[in-house]
$ cat data.cif   # mmCIF, C-alpha atoms and all ligand atoms
data_model
loop_
_atom_site.label_atom_id
_atom_site.label_comp_id
_atom_site.auth_asym_id
_atom_site.auth_seq_id
_atom_site.Cartn_x
_atom_site.Cartn_y
_atom_site.Cartn_z
CA MET A 1 7.39 -26.87 69.62
CA GLN A 2 8.38 -23.73 67.68
CA HIS A 3 8.57 -24.05 63.90
CA ALA A 4 11.39 -22.55 61.83
CA ALA A 5 10.70 -19.22 60.08
CA GLN A 6 8.74 -19.65 56.85
CA VAL A 7 10.33 -17.63 54.05
CA LEU A 8 8.42 -16.71 50.88
CA ARG A 9 10.65 -17.04 47.83
CA PRO A 10 10.03 -16.15 44.20
CA ALA A 11 9.91 -18.92 41.61
CA VAL A 12 12.99 -17.55 39.87
CA SER A 13 15.02 -14.53 40.95
CA GLY A 14 14.99 -11.39 38.81
CA LEU A 15 11.39 -11.76 37.63
CA ALA A 16 9.48 -8.55 36.83
CA HIS A 17 6.19 -10.31 37.54
CA LEU A 18 4.66 -13.74 37.68
CA ARG A 19 1.45 -14.48 35.86
CA HIS A 20 -1.08 -15.88 38.24
CA ASP A 21 -1.42 -19.26 36.57
CA ARG A 22 2.15 -19.76 37.84
CA ALA A 23 1.63 -18.45 41.38
CA ALA A 24 2.02 -21.92 42.86
CA GLU A 25 5.64 -21.88 41.69
CA MET A 26 6.38 -19.48 44.54
CA ASP A 27 7.70 -21.30 47.50
CA SER A 28 7.04 -20.78 51.17
CA GLY A 29 9.04 -22.99 53.47
CA PRO A 30 11.56 -23.03 56.30
CA GLY A 31 14.46 -20.74 55.55
CA GLU A 32 16.57 -17.74 56.41
CA LEU A 33 17.82 -14.58 54.77
CA SER A 34 20.34 -11.76 55.13
CA ILE A 35 19.59 -8.06 54.78
CA ALA A 36 21.98 -5.18 54.17
CA GLU A 37 20.97 -1.52 53.95
CA GLY A 38 17.28 -2.38 53.79
CA ARG A 39 17.64 -4.85 50.91
CA ILE A 40 17.57 -8.63 50.84
CA LEU A 41 21.17 -9.72 50.26
CA SER A 42 20.68 -13.47 50.02
CA LEU A 43 18.33 -16.25 51.00
CA SER A 44 20.78 -17.59 53.52
CA THR A 45 22.42 -16.32 56.72
CA SER A 46 25.68 -14.46 56.64
CA SER A 47 28.42 -15.42 59.10
CA ASP A 48 29.50 -11.79 59.56
CA ALA A 49 26.00 -10.46 60.29
CA ARG A 50 26.00 -7.81 63.03
CA ILE A 51 22.44 -8.49 64.16
CA ARG A 52 20.67 -11.87 64.13
CA ILE A 53 16.91 -12.22 64.54
CA ASP A 54 15.36 -15.57 65.35
CA ALA A 55 12.06 -15.50 63.42
CA ALA A 56 10.96 -18.97 64.52
CA GLY A 57 7.19 -19.27 64.28
CA CYS A 58 6.97 -16.24 61.94
CA ALA A 59 6.46 -15.80 58.22
CA VAL A 60 9.12 -13.73 56.43
CA VAL A 61 7.59 -12.04 53.37
CA PRO A 62 8.67 -9.10 51.22
CA GLY A 63 7.37 -5.66 52.21
CA PHE A 64 3.96 -4.98 50.69
CA VAL A 65 3.77 -2.72 47.66
CA ASP A 66 0.47 -0.82 47.65
CA CYS A 67 0.25 0.10 43.97
CA HIS A 68 -3.09 1.96 44.06
CA THR A 69 -3.88 4.58 46.72
CA HIS A 70 -5.33 8.08 46.49
CA LEU A 71 -2.86 9.67 48.91
CA PRO A 72 -2.61 12.52 49.70
CA PHE A 73 -6.21 13.51 50.42
CA ALA A 74 -8.03 15.65 52.97
CA GLY A 75 -10.68 14.49 55.44
CA TRP A 76 -13.07 11.56 55.14
CA ARG A 77 -16.52 10.89 53.68
CA GLU A 78 -17.87 8.55 56.33
CA ARG A 79 -21.41 9.91 55.97
CA GLU A 80 -21.48 8.64 52.39
CA PHE A 81 -20.80 5.15 53.64
CA GLY A 82 -23.97 5.40 55.76
CA ALA A 83 -25.91 6.53 52.68
CA ARG A 84 -24.53 3.70 50.53
CA VAL A 85 -25.42 1.12 53.15
CA ALA A 86 -28.97 2.54 53.08
CA GLY A 87 -29.10 1.96 49.30
CA VAL A 88 -27.99 5.28 47.76
CA THR A 89 -25.64 4.53 44.84
CA TYR A 90 -22.17 6.03 44.29
CA GLU A 91 -23.51 7.57 41.08
CA GLU A 92 -26.41 9.27 42.91
CA ILE A 93 -24.02 10.59 45.58
CA ALA A 94 -21.67 11.88 42.87
CA ARG A 95 -24.46 13.58 40.91
CA ALA A 96 -25.60 15.31 44.13
CA GLY A 97 -22.15 16.89 44.53
CA GLY A 98 -20.72 14.28 46.89
CA GLY A 99 -17.99 11.74 46.18
CA ILE A 100 -14.89 13.06 44.46
CA ARG A 101 -16.28 16.64 44.38
CA SER A 102 -16.76 16.59 48.12
CA SER A 103 -13.15 15.45 48.63
CA ALA A 104 -12.02 18.17 46.21
CA ARG A 105 -13.72 20.78 48.41
CA SER A 106 -11.99 19.36 51.50
CA PHE A 107 -8.68 19.38 49.62
CA ALA A 108 -9.14 23.03 48.68
CA GLU A 109 -10.07 24.04 52.24
CA ALA A 110 -7.19 22.21 53.93
CA SER A 111 -3.73 23.73 54.27
CA ASP A 112 -0.71 21.97 52.78
CA GLU A 113 0.43 21.10 56.29
CA GLU A 114 -2.95 19.59 57.24
CA ILE A 115 -2.99 17.42 54.11
CA LEU A 116 0.59 16.26 54.62
CA ALA A 117 0.01 15.55 58.32
CA GLN A 118 -3.02 13.36 57.53
CA ALA A 119 -1.12 11.50 54.81
CA GLN A 120 2.00 11.07 56.96
CA ALA A 121 -0.05 9.58 59.79
CA ALA A 122 -1.66 7.18 57.30
CA ALA A 123 1.73 6.23 55.87
CA ALA A 124 3.02 5.46 59.36
CA GLU A 125 0.03 3.19 59.95
CA MET A 126 0.58 1.55 56.54
CA LEU A 127 4.18 0.81 57.52
CA ALA A 128 2.97 -0.84 60.71
CA HIS A 129 0.79 -3.07 58.49
CA GLY A 130 3.80 -4.00 56.35
CA THR A 131 3.55 -1.58 53.41
CA THR A 132 7.08 -0.54 52.46
CA ALA A 133 6.28 1.15 49.12
CA PHE A 134 3.16 2.85 47.84
CA GLU A 135 1.76 4.73 44.91
CA GLY A 136 -0.42 7.81 45.40
CA LYS A 137 -2.70 9.63 42.98
CA THR A 138 -3.76 13.21 42.51
CA GLY A 139 -7.35 13.67 41.39
CA TYR A 140 -8.94 15.69 44.20
CA GLY A 141 -7.82 18.94 42.61
CA LEU A 142 -10.45 19.34 39.87
CA SER A 143 -8.67 22.40 38.46
CA VAL A 144 -5.30 22.81 36.80
CA ALA A 145 -3.96 24.86 39.70
CA ALA A 146 -5.22 22.40 42.32
CA GLU A 147 -3.84 19.39 40.42
CA ARG A 148 -0.49 21.15 40.30
CA ARG A 149 -0.72 21.60 44.06
CA ALA A 150 -1.62 17.91 44.48
CA LEU A 151 1.43 16.85 42.48
CA LYS A 152 3.66 19.05 44.63
CA LEU A 153 2.14 17.66 47.82
CA ALA A 154 2.66 14.11 46.55
CA ARG A 155 6.31 14.89 46.03
CA ALA A 156 6.59 16.50 49.48
CA LEU A 157 4.93 13.46 51.04
CA GLY A 158 7.49 11.19 49.39
CA GLY A 159 10.24 13.09 51.15
CA ARG A 160 8.59 12.78 54.56
CA VAL A 161 7.63 9.10 54.82
CA ALA A 162 9.70 6.00 55.44
CA GLN A 163 8.35 4.23 52.36
CA SER A 164 9.37 4.50 48.72
CA THR A 165 6.61 6.36 46.91
CA VAL A 166 5.61 7.22 43.37
CA SER A 167 2.86 9.55 42.22
CA THR A 168 0.31 9.19 39.48
CA ALA A 169 -1.44 12.16 37.91
CA LEU A 170 -5.12 11.19 37.94
CA LEU A 171 -5.98 14.28 35.96
CA ALA A 172 -9.34 13.01 34.71
CA HIS A 173 -11.12 11.89 37.88
CA ALA A 174 -14.38 13.88 37.72
CA VAL A 175 -15.49 16.56 35.30
CA PRO A 176 -14.77 19.94 36.98
CA ASP A 177 -17.47 22.63 37.18
CA GLY A 178 -17.54 24.83 34.12
CA TYR A 179 -16.31 22.09 31.75
CA ASP A 180 -17.72 19.16 29.90
CA ALA A 181 -15.57 16.04 29.63
CA ASP A 182 -14.15 16.99 26.20
CA ALA A 183 -13.26 20.52 27.30
CA TRP A 184 -11.54 19.22 30.45
CA ILE A 185 -9.36 16.85 28.40
CA ASP A 186 -8.53 19.84 26.14
CA ALA A 187 -7.51 21.77 29.27
CA ILE A 188 -5.30 18.89 30.46
CA ASP A 189 -3.72 18.69 27.02
CA ALA A 190 -2.80 22.38 27.18
CA ALA A 191 -1.64 22.33 30.82
CA LEU A 192 0.30 19.07 30.80
CA PRO A 193 3.76 20.41 29.93
CA ASP A 194 3.55 22.80 32.88
CA LEU A 195 1.91 20.25 35.23
CA LEU A 196 4.68 17.77 34.60
CA THR A 197 7.19 20.18 36.09
CA ALA A 198 5.26 20.43 39.38
CA GLY A 199 6.28 17.14 40.98
CA PRO A 200 6.81 14.88 38.04
CA PRO A 201 4.53 11.83 38.01
CA ASP A 202 5.53 8.89 35.85
CA THR A 203 2.00 7.81 35.09
CA LEU A 204 -1.27 9.34 33.91
CA ASP A 205 -4.60 7.93 35.07
CA ILE A 206 -8.25 8.42 34.10
CA TYR A 207 -11.57 7.30 35.57
CA VAL A 208 -13.89 5.83 32.94
CA GLU A 209 -17.47 5.76 34.26
CA SER A 210 -20.89 7.24 33.56
CA VAL A 211 -20.22 10.00 36.13
CA ALA A 212 -16.74 10.69 34.77
CA PHE A 213 -15.12 10.04 31.37
CA GLY A 214 -15.67 7.72 28.39
CA ASN A 215 -13.57 5.43 26.25
CA ASP A 216 -12.85 8.25 23.76
CA HIS A 217 -11.33 10.24 26.63
CA LEU A 218 -9.33 7.16 27.59
CA ARG A 219 -7.95 7.10 24.02
CA ARG A 220 -7.04 10.78 24.28
CA MET A 221 -5.33 10.22 27.63
CA GLY A 222 -3.41 7.34 26.06
CA ALA A 223 -2.22 9.67 23.29
CA LEU A 224 -1.17 12.30 25.86
CA ALA A 225 0.73 9.69 27.85
CA ARG A 226 2.54 8.55 24.73
CA ARG A 227 3.35 12.11 23.67
CA HIS A 228 4.85 12.94 27.07
CA GLY A 229 6.64 9.63 27.58
CA LEU A 230 4.47 8.59 30.53
CA ALA A 231 2.79 5.31 31.32
CA LEU A 232 -1.00 5.03 31.26
CA ARG A 233 -3.21 3.52 33.95
CA ALA A 234 -6.99 3.56 34.06
CA HIS A 235 -9.84 3.14 36.57
CA VAL A 236 -12.28 1.03 34.56
CA GLU A 237 -15.37 -1.15 34.91
CA GLN A 238 -15.95 -0.22 38.57
CA PHE A 239 -19.72 0.30 38.59
CA SER A 240 -20.75 -0.55 35.02
CA THR A 241 -19.48 -2.42 31.97
CA ASN A 242 -18.01 0.01 29.46
CA ARG A 243 -15.73 -2.36 27.52
CA SER A 244 -12.75 -0.14 28.41
CA VAL A 245 -10.41 -3.10 28.87
CA PRO A 246 -9.80 -3.71 25.12
CA VAL A 247 -9.25 0.02 24.63
CA ALA A 248 -6.71 0.21 27.47
CA VAL A 249 -4.91 -2.93 26.29
CA GLU A 250 -4.70 -1.53 22.76
CA LEU A 251 -3.19 1.65 24.20
CA GLY A 252 -0.57 -0.43 26.01
CA ALA A 253 -1.78 0.66 29.45
CA ARG A 254 0.43 -0.43 32.32
CA SER A 255 -2.64 -1.42 34.32
CA VAL A 256 -6.41 -1.48 34.39
CA ASP A 257 -7.75 -1.05 37.91
CA HIS A 258 -11.06 -2.14 39.57
CA LEU A 259 -12.63 -4.48 36.93
CA ALA A 260 -15.63 -5.41 39.13
CA CYS A 261 -17.93 -5.20 36.10
CA MET A 262 -15.54 -6.21 33.31
CA ALA A 263 -17.01 -8.25 30.47
CA GLU A 264 -16.21 -11.94 30.68
CA GLU A 265 -15.26 -12.04 27.01
CA ASP A 266 -12.42 -9.56 27.67
CA ILE A 267 -10.68 -11.87 30.15
CA PRO A 268 -8.55 -13.77 27.56
CA LEU A 269 -7.40 -10.51 25.94
CA LEU A 270 -6.34 -8.98 29.26
CA ALA A 271 -4.75 -12.25 30.40
CA SER A 272 -2.58 -12.48 27.30
CA SER A 273 -1.51 -8.81 27.43
CA ASP A 274 1.22 -7.05 29.40
CA THR A 275 -1.38 -4.81 31.06
CA ALA A 276 -1.68 -5.66 34.76
CA ALA A 277 -5.10 -6.30 36.31
CA VAL A 278 -5.17 -4.35 39.58
CA LEU A 279 -7.86 -5.77 41.85
CA LEU A 280 -9.28 -3.64 44.68
CA PRO A 281 -11.44 -5.82 46.94
CA GLY A 282 -11.66 -3.15 49.68
CA ALA A 283 -13.61 -0.83 47.38
CA GLU A 284 -15.76 -3.75 46.20
CA PHE A 285 -16.57 -4.86 49.73
CA LEU A 286 -17.32 -1.44 51.21
CA GLY A 287 -19.01 -0.17 48.05
CA ASP A 288 -21.25 -3.20 47.63
CA GLU A 289 -19.81 -3.51 44.14
CA ARG A 290 -19.75 -6.68 42.15
CA VAL A 291 -16.82 -9.03 42.67
CA ALA A 292 -14.16 -8.73 39.94
CA PRO A 293 -13.56 -11.97 38.01
CA ALA A 294 -10.24 -12.32 39.78
CA ARG A 295 -10.28 -16.12 39.95
CA ALA A 296 -10.85 -16.34 36.19
CA LEU A 297 -8.21 -13.67 35.46
CA ALA A 298 -5.66 -15.54 37.56
CA ALA A 299 -6.49 -18.87 35.94
CA ALA A 300 -6.24 -17.32 32.46
CA GLY A 301 -2.73 -16.06 33.22
CA ALA A 302 -3.25 -12.33 33.78
CA ILE A 303 -0.62 -10.29 35.65
CA CYS A 304 -2.74 -9.79 38.78
CA ALA A 305 -1.93 -7.15 41.39
CA LEU A 306 -3.77 -6.35 44.58
CA ALA A 307 -4.01 -2.95 46.27
CA SER A 308 -5.95 -1.00 48.89
CA ASP A 309 -7.44 1.81 46.75
CA PHE A 310 -7.00 3.75 50.02
CA ASN A 311 -9.18 6.85 49.64
CA PRO A 312 -11.56 8.93 51.78
CA GLY A 313 -14.75 7.53 50.21
CA THR A 314 -14.95 4.15 48.56
CA SER A 315 -12.10 2.40 50.37
CA PRO A 316 -10.86 3.94 53.62
CA VAL A 317 -8.70 0.84 54.12
CA LEU A 318 -4.91 1.01 54.36
CA SER A 319 -4.15 -2.47 55.68
CA ILE A 320 -2.79 -4.79 53.00
CA PRO A 321 -3.25 -7.82 55.32
CA THR A 322 -6.98 -6.95 55.37
CA ILE A 323 -6.95 -6.69 51.57
CA ILE A 324 -5.22 -10.08 51.33
CA GLY A 325 -7.93 -11.56 53.56
CA LEU A 326 -10.67 -10.10 51.34
CA ALA A 327 -8.97 -11.42 48.20
CA VAL A 328 -8.64 -14.92 49.60
CA ARG A 329 -12.24 -15.07 50.85
CA ARG A 330 -13.97 -13.24 48.00
CA TYR A 331 -11.84 -14.18 44.97
CA GLY A 332 -10.99 -17.70 46.06
CA TRP A 333 -7.30 -16.94 45.57
CA THR A 334 -4.74 -18.93 47.50
CA VAL A 335 -2.72 -17.07 50.09
CA LEU A 336 0.31 -17.41 47.80
CA GLU A 337 -1.62 -15.82 44.92
CA ALA A 338 -2.65 -12.91 47.15
CA LEU A 339 0.91 -12.44 48.46
CA LEU A 340 2.29 -12.50 44.91
CA ALA A 341 -0.26 -9.86 43.87
CA CYS A 342 0.74 -7.32 46.53
CA THR A 343 4.50 -7.87 46.38
CA LEU A 344 6.26 -8.83 43.15
CA ASN A 345 3.35 -8.13 40.80
CA ALA A 346 2.41 -4.85 42.45
CA ALA A 347 5.98 -3.62 41.94
CA LEU A 348 5.89 -4.94 38.37
CA GLY A 349 9.63 -4.98 38.19
CA ASP A 350 9.76 -1.40 39.48
CA ARG A 351 7.48 -0.17 36.70
CA LEU A 352 4.40 0.54 38.84
CA LEU A 353 6.85 1.96 41.34
CA ALA A 354 9.32 3.36 38.87
CA GLY A 355 12.70 4.13 40.44
CA ALA A 356 13.49 7.03 38.14
CA ARG A 357 10.56 9.25 39.04
CA LEU A 358 10.06 8.76 42.75
CA ALA A 359 8.03 11.38 44.52
CA GLY A 360 10.64 11.79 47.20
CA GLY A 361 14.37 11.51 47.45
CA ARG A 362 14.28 7.82 48.25
CA GLN A 363 14.69 4.94 45.85
CA ALA A 364 12.21 2.08 45.45
CA GLY A 365 13.62 -1.11 46.88
O1 LIG B 401 -10.80 4.25 42.98
N1 LIG B 401 -13.33 5.46 40.99
C1 LIG B 401 -12.76 6.48 41.12
N2 LIG B 401 -11.89 6.75 42.06
C2 LIG B 401 -11.88 6.22 43.36
C3 LIG B 401 -12.92 6.78 44.18
C4 LIG B 401 -12.40 7.96 44.77
C5 LIG B 401 -13.42 8.57 45.64
O2 LIG B 401 -14.59 8.21 45.61
O3 LIG B 401 -12.96 9.47 46.34
C6 LIG B 401 -11.79 4.74 43.46
O4 LIG B 401 -12.64 4.05 44.04
FE FE B 402 -8.87 4.31 42.86
#
$ encode --input "data.cif" --output "structure tokens"
Amino acid sequence: MQHAAQVLRPAVSGLAHLRHDRAAEMDSGPGELSIAEGRILSLSTSSDARIRIDAAGCAVVPGFVDCHTHLPFAGWREREFGARVAGVTYEEIARAGGGIRSSARSFAEASDEEILAQAQAAAAEMLAHGTTAFEGKTGYGLSVAAERRALKLARALGGRVAQSTVSTALLAHAVPDGYDADAWIDAIDAALPDLLTAGPPDTLDIYVESVAFGNDHLRRMGALARRHGLALRAHVEQFSTNRSVPVAVELGARSVDHLACMAEEDIPLLASSDTAAVLLPGAEFLGDERVAPARALAAAGAICALASDFNPGTSPVLSIPTIIGLAVRRYGWTVLEALLACTLNAALGDRLLAGARLAGGRQAG
């Protein structure tokens, strides 16, 4: 016997997010819905609908929002995966000129059209896996001119794909040749007004790690974000514990991403803040990283989001269903918790995917 379609519904309509200690309030049960112009009109059928689809035996869930990818990028770093499996660390690879620097060389060598074609093909595959909106980061430029180009390409990509997109300027991803970390932040400070005209991002991002930047640089990036009216996000606690979470929370960051090595004592602070915890189990799994304390964050009431971290090195994974599977098996989250994290919470009431500054001409929905 065929079962009626199962429809996932929010606890209350109009929520910007749902803290994970309330995830069970979401409801998945037999139901129906109406859609007009790509948007859910109501959680019931409409008598004047032009097309009716019988979804018996299927689950009807919102489109996935992938709130952390590194699109657009050029090429892949599959050989590094082989090295990591054999025991070479990400830090060792980075110090030998691999990692982000290697992707920056590929980015510089590829034409605009090659980069956009690779990203468009990926976006098409993401759509087939249910991703209807995604965020993409710059960060493989490693010079002011190349970051400007990355922002422009992100904007061009937004105009070419079916999804809603938004771009983040990950201007402090690795320390470029010829600079130390302080001097590079000085350079960003000076170049930011011009960079923001290139393909305006609505968010700044920074990678805090031994091979990248420190908490003082995170503070400076927070000040730059505030000065330019942008939101702040941060890659933190991926490979080591730097106690960046309290710093980011104090700066009012929109999200802290990765968190595999976050200090246990910072969980209550993050859970009681408005800073989202973006968990990236694809990078953890493929990078042999520690498992983020996602179960404890959810139980403590953090705003938990889940994303692919789709990038050419640490997480060449674009399938959100795969990410959901990893979160359920590795974090011990319920399926509802995982679905909440890559739909409502990943959109964060359109703040992670801010409608006003979309990379393309389309609006987030
Ligand atoms: O999110 N940690 C820094 N950034 C990326 C890695 C990007 C790369 O290695 O190309 C991440 O995992
Ligand atoms: Fe990332």
$ residues_near_ligand --input "data.cif" --ligand "ligand LIG 401 (chain B)" --cutoff "7 Å" --atoms "all atoms listed in the file" --output "list of chain:residue names"
A:Gly99, A:Ile100, A:Ser103, A:His173, A:Tyr207, A:His235, A:Gln238, A:Ala283, A:Asp309, A:Asn311, A:Pro312, A:Gly313, A:Thr314, A:Ser315
$ residues_around --input "data.cif" --residues "stretch 43-52 of chain A" --least-positions-apart "6" --cutoff "6 Å" --atoms "all atoms listed in the file" --output "VMD selection string"
chain A and resid 32 to 34
$ closest_residue --input "data.cif" --among "A:Phe64, A:Tyr331, A:Phe239, A:Phe213" --to "A:Phe134" --atoms "only C-alpha atoms"
A:Phe64
$ residues_near_point --input "data.cif" --point "(-6.0, 15.1, 37.1)" --cutoff "8 Å" --atoms "all atoms listed in the file" --output "JSON, numbers by chain"
{"A": [138, 139, 140, 141, 142, 143, 144, 147, 169, 170, 171, 172, 173, 188, 205, 206]}
$ atom_distance --input "data.cif" --atom1 "atom CA of A:Leu41" --atom2 "atom CA of A:Arg9"
13.0 Å
$ residues_around --input "data.cif" --residues "A:Ile323" --least-positions-apart "3" --cutoff "8 Å" --atoms "only C-alpha atoms" --output "list of chain:residue names"
A:Leu280, A:Pro281, A:Gly282, A:Leu306, A:Ala307, A:Ser308, A:Ser319, A:Ile320, A:Leu326, A:Ala327
$ write_last_selection --input "data.cif" --atoms "C-alpha atoms" --output "CSV table (one decimal), keeping the file's coordinate frame"
chain,number,residue,atom,x,y,z
A,280,LEU,CA,-9.3,-3.6,44.7
A,281,PRO,CA,-11.4,-5.8,46.9
A,282,GLY,CA,-11.7,-3.2,49.7
A,306,LEU,CA,-3.8,-6.4,44.6
A,307,ALA,CA,-4.0,-3.0,46.3
A,308,SER,CA,-6.0,-1.0,48.9
A,319,SER,CA,-4.2,-2.5,55.7
A,320,ILE,CA,-2.8,-4.8,53.0
A,326,LEU,CA,-10.7,-10.1,51.3
A,327,ALA,CA,-9.0,-11.4,48.2
$ residues_near_point --input "data.cif" --point "(7.2, -3.7, 40.2)" --cutoff "12 Å" --atoms "only C-alpha atoms" --output "PyMOL selection string"
chain A and resi 14-18+64-67+133-135+166+254-255+276+303-305+340-355+364-365
$ residues_around --input "data.cif" --residues "A:Val211" --least-positions-apart "6" --cutoff "12 Å" --atoms "only C-alpha atoms" --output "PyMOL selection string"
chain A and resi 89-101+172-176+180-181+238-240
$ residues_around --input "data.cif" --residues "A:Leu270" --least-positions-apart "3" --cutoff "7 Å" --atoms "all atoms listed in the file" --output "list in words"
Val249, Asp266, Ile267, Ser273, Thr275 and Ala302 of chain A
$ closest_residue --input "data.cif" --among "A:Gly87, A:Pro246, A:Pro316, A:Gly38" --to "A:Met262" --atoms "only C-alpha atoms"
A:Pro246
$ atom_distance --input "data.cif" --atom1 "atom CA of A:His70" --atom2 "atom CA of A:Ala183"
24.2 Å
$ closest_residue --input "data.cif" --among "A:Val12, A:Leu71, A:Ala271, A:Leu151" --to "ligand FE 402 (chain B)" --atoms "only C-alpha atoms and all ligand atoms"
A:Leu71
$ build_atoms --input "data.cif" --residues "stretch 94-114 of chain A" --atoms "N, CA and C atoms" --output "PDB file, in the coordinates of the input"
ATOM      1  N   ALA A  94     -22.530  11.039  43.706  1.00  0.00           N
ATOM      2  CA  ALA A  94     -21.670  11.880  42.870  1.00  0.00           C
ATOM      3  C   ALA A  94     -22.489  12.962  42.178  1.00  0.00           C
ATOM      4  N   ARG A  95     -23.643  12.595  41.643  1.00  0.00           N
ATOM      5  CA  ARG A  95     -24.460  13.580  40.910  1.00  0.00           C
ATOM      6  C   ARG A  95     -25.012  14.642  41.858  1.00  0.00           C
ATOM      7  N   ALA A  96     -25.114  14.325  43.150  1.00  0.00           N
ATOM      8  CA  ALA A  96     -25.600  15.310  44.130  1.00  0.00           C
ATOM      9  C   ALA A  96     -24.459  16.161  44.680  1.00  0.00           C
ATOM     10  N   GLY A  97     -23.274  16.031  44.094  1.00  0.00           N
ATOM     11  CA  GLY A  97     -22.150  16.890  44.530  1.00  0.00           C
ATOM     12  C   GLY A  97     -21.261  16.247  45.572  1.00  0.00           C
ATOM     13  N   GLY A  98     -21.559  14.987  45.916  1.00  0.00           N
ATOM     14  CA  GLY A  98     -20.720  14.280  46.890  1.00  0.00           C
ATOM     15  C   GLY A  98     -19.581  13.571  46.173  1.00  0.00           C
ATOM     16  N   GLY A  99     -19.052  12.523  46.794  1.00  0.00           N
ATOM     17  CA  GLY A  99     -17.990  11.740  46.180  1.00  0.00           C
ATOM     18  C   GLY A  99     -16.729  12.552  45.957  1.00  0.00           C
ATOM     19  N   ILE A 100     -16.176  12.420  44.783  1.00  0.00           N
ATOM     20  CA  ILE A 100     -14.890  13.060  44.460  1.00  0.00           C
ATOM     21  C   ILE A 100     -14.982  14.587  44.629  1.00  0.00           C
ATOM     22  N   ARG A 101     -16.132  15.171  44.244  1.00  0.00           N
ATOM     23  CA  ARG A 101     -16.280  16.640  44.380  1.00  0.00           C
ATOM     24  C   ARG A 101     -16.201  17.066  45.845  1.00  0.00           C
ATOM     25  N   SER A 102     -16.792  16.266  46.697  1.00  0.00           N
ATOM     26  CA  SER A 102     -16.760  16.590  48.120  1.00  0.00           C
ATOM     27  C   SER A 102     -15.316  16.550  48.628  1.00  0.00           C
ATOM     28  N   SER A 103     -14.570  15.522  48.207  1.00  0.00           N
ATOM     29  CA  SER A 103     -13.150  15.450  48.630  1.00  0.00           C
ATOM     30  C   SER A 103     -12.339  16.578  48.014  1.00  0.00           C
ATOM     31  N   ALA A 104     -12.733  17.038  46.828  1.00  0.00           N
ATOM     32  CA  ALA A 104     -12.020  18.170  46.210  1.00  0.00           C
ATOM     33  C   ALA A 104     -12.253  19.441  47.029  1.00  0.00           C
ATOM     34  N   ARG A 105     -13.467  19.602  47.556  1.00  0.00           N
ATOM     35  CA  ARG A 105     -13.720  20.780  48.410  1.00  0.00           C
ATOM     36  C   ARG A 105     -12.874  20.703  49.680  1.00  0.00           C
ATOM     37  N   SER A 106     -12.815  19.520  50.280  1.00  0.00           N
ATOM     38  CA  SER A 106     -11.990  19.360  51.500  1.00  0.00           C
ATOM     39  C   SER A 106     -10.524  19.644  51.193  1.00  0.00           C
ATOM     40  N   PHE A 107     -10.079  19.193  50.030  1.00  0.00           N
ATOM     41  CA  PHE A 107      -8.680  19.380  49.620  1.00  0.00           C
ATOM     42  C   PHE A 107      -8.379  20.870  49.479  1.00  0.00           C
ATOM     43  N   ALA A 108      -9.345  21.593  48.894  1.00  0.00           N
ATOM     44  CA  ALA A 108      -9.140  23.030  48.680  1.00  0.00           C
ATOM     45  C   ALA A 108      -9.138  23.793  50.005  1.00  0.00           C
ATOM     46  N   GLU A 109      -9.958  23.315  50.957  1.00  0.00           N
ATOM     47  CA  GLU A 109     -10.070  24.040  52.240  1.00  0.00           C
ATOM     48  C   GLU A 109      -8.908  23.751  53.179  1.00  0.00           C
ATOM     49  N   ALA A 110      -8.263  22.597  53.003  1.00  0.00           N
ATOM     50  CA  ALA A 110      -7.190  22.210  53.930  1.00  0.00           C
ATOM     51  C   ALA A 110      -5.871  22.892  53.544  1.00  0.00           C
ATOM     52  N   SER A 111      -5.059  23.167  54.555  1.00  0.00           N
ATOM     53  CA  SER A 111      -3.730  23.730  54.270  1.00  0.00           C
ATOM     54  C   SER A 111      -2.800  22.596  53.815  1.00  0.00           C
ATOM     55  N   ASP A 112      -1.692  22.982  53.196  1.00  0.00           N
ATOM     56  CA  ASP A 112      -0.710  21.970  52.780  1.00  0.00           C
ATOM     57  C   ASP A 112      -0.290  21.124  53.981  1.00  0.00           C
ATOM     58  N   GLU A 113      -0.061  21.811  55.102  1.00  0.00           N
ATOM     59  CA  GLU A 113       0.430  21.100  56.290  1.00  0.00           C
ATOM     60  C   GLU A 113      -0.612  20.119  56.809  1.00  0.00           C
ATOM     61  N   GLU A 114      -1.887  20.515  56.775  1.00  0.00           N
ATOM     62  CA  GLU A 114      -2.950  19.590  57.240  1.00  0.00           C
ATOM     63  C   GLU A 114      -3.010  18.348  56.354  1.00  0.00           C
TER      64      GLU A 114
END
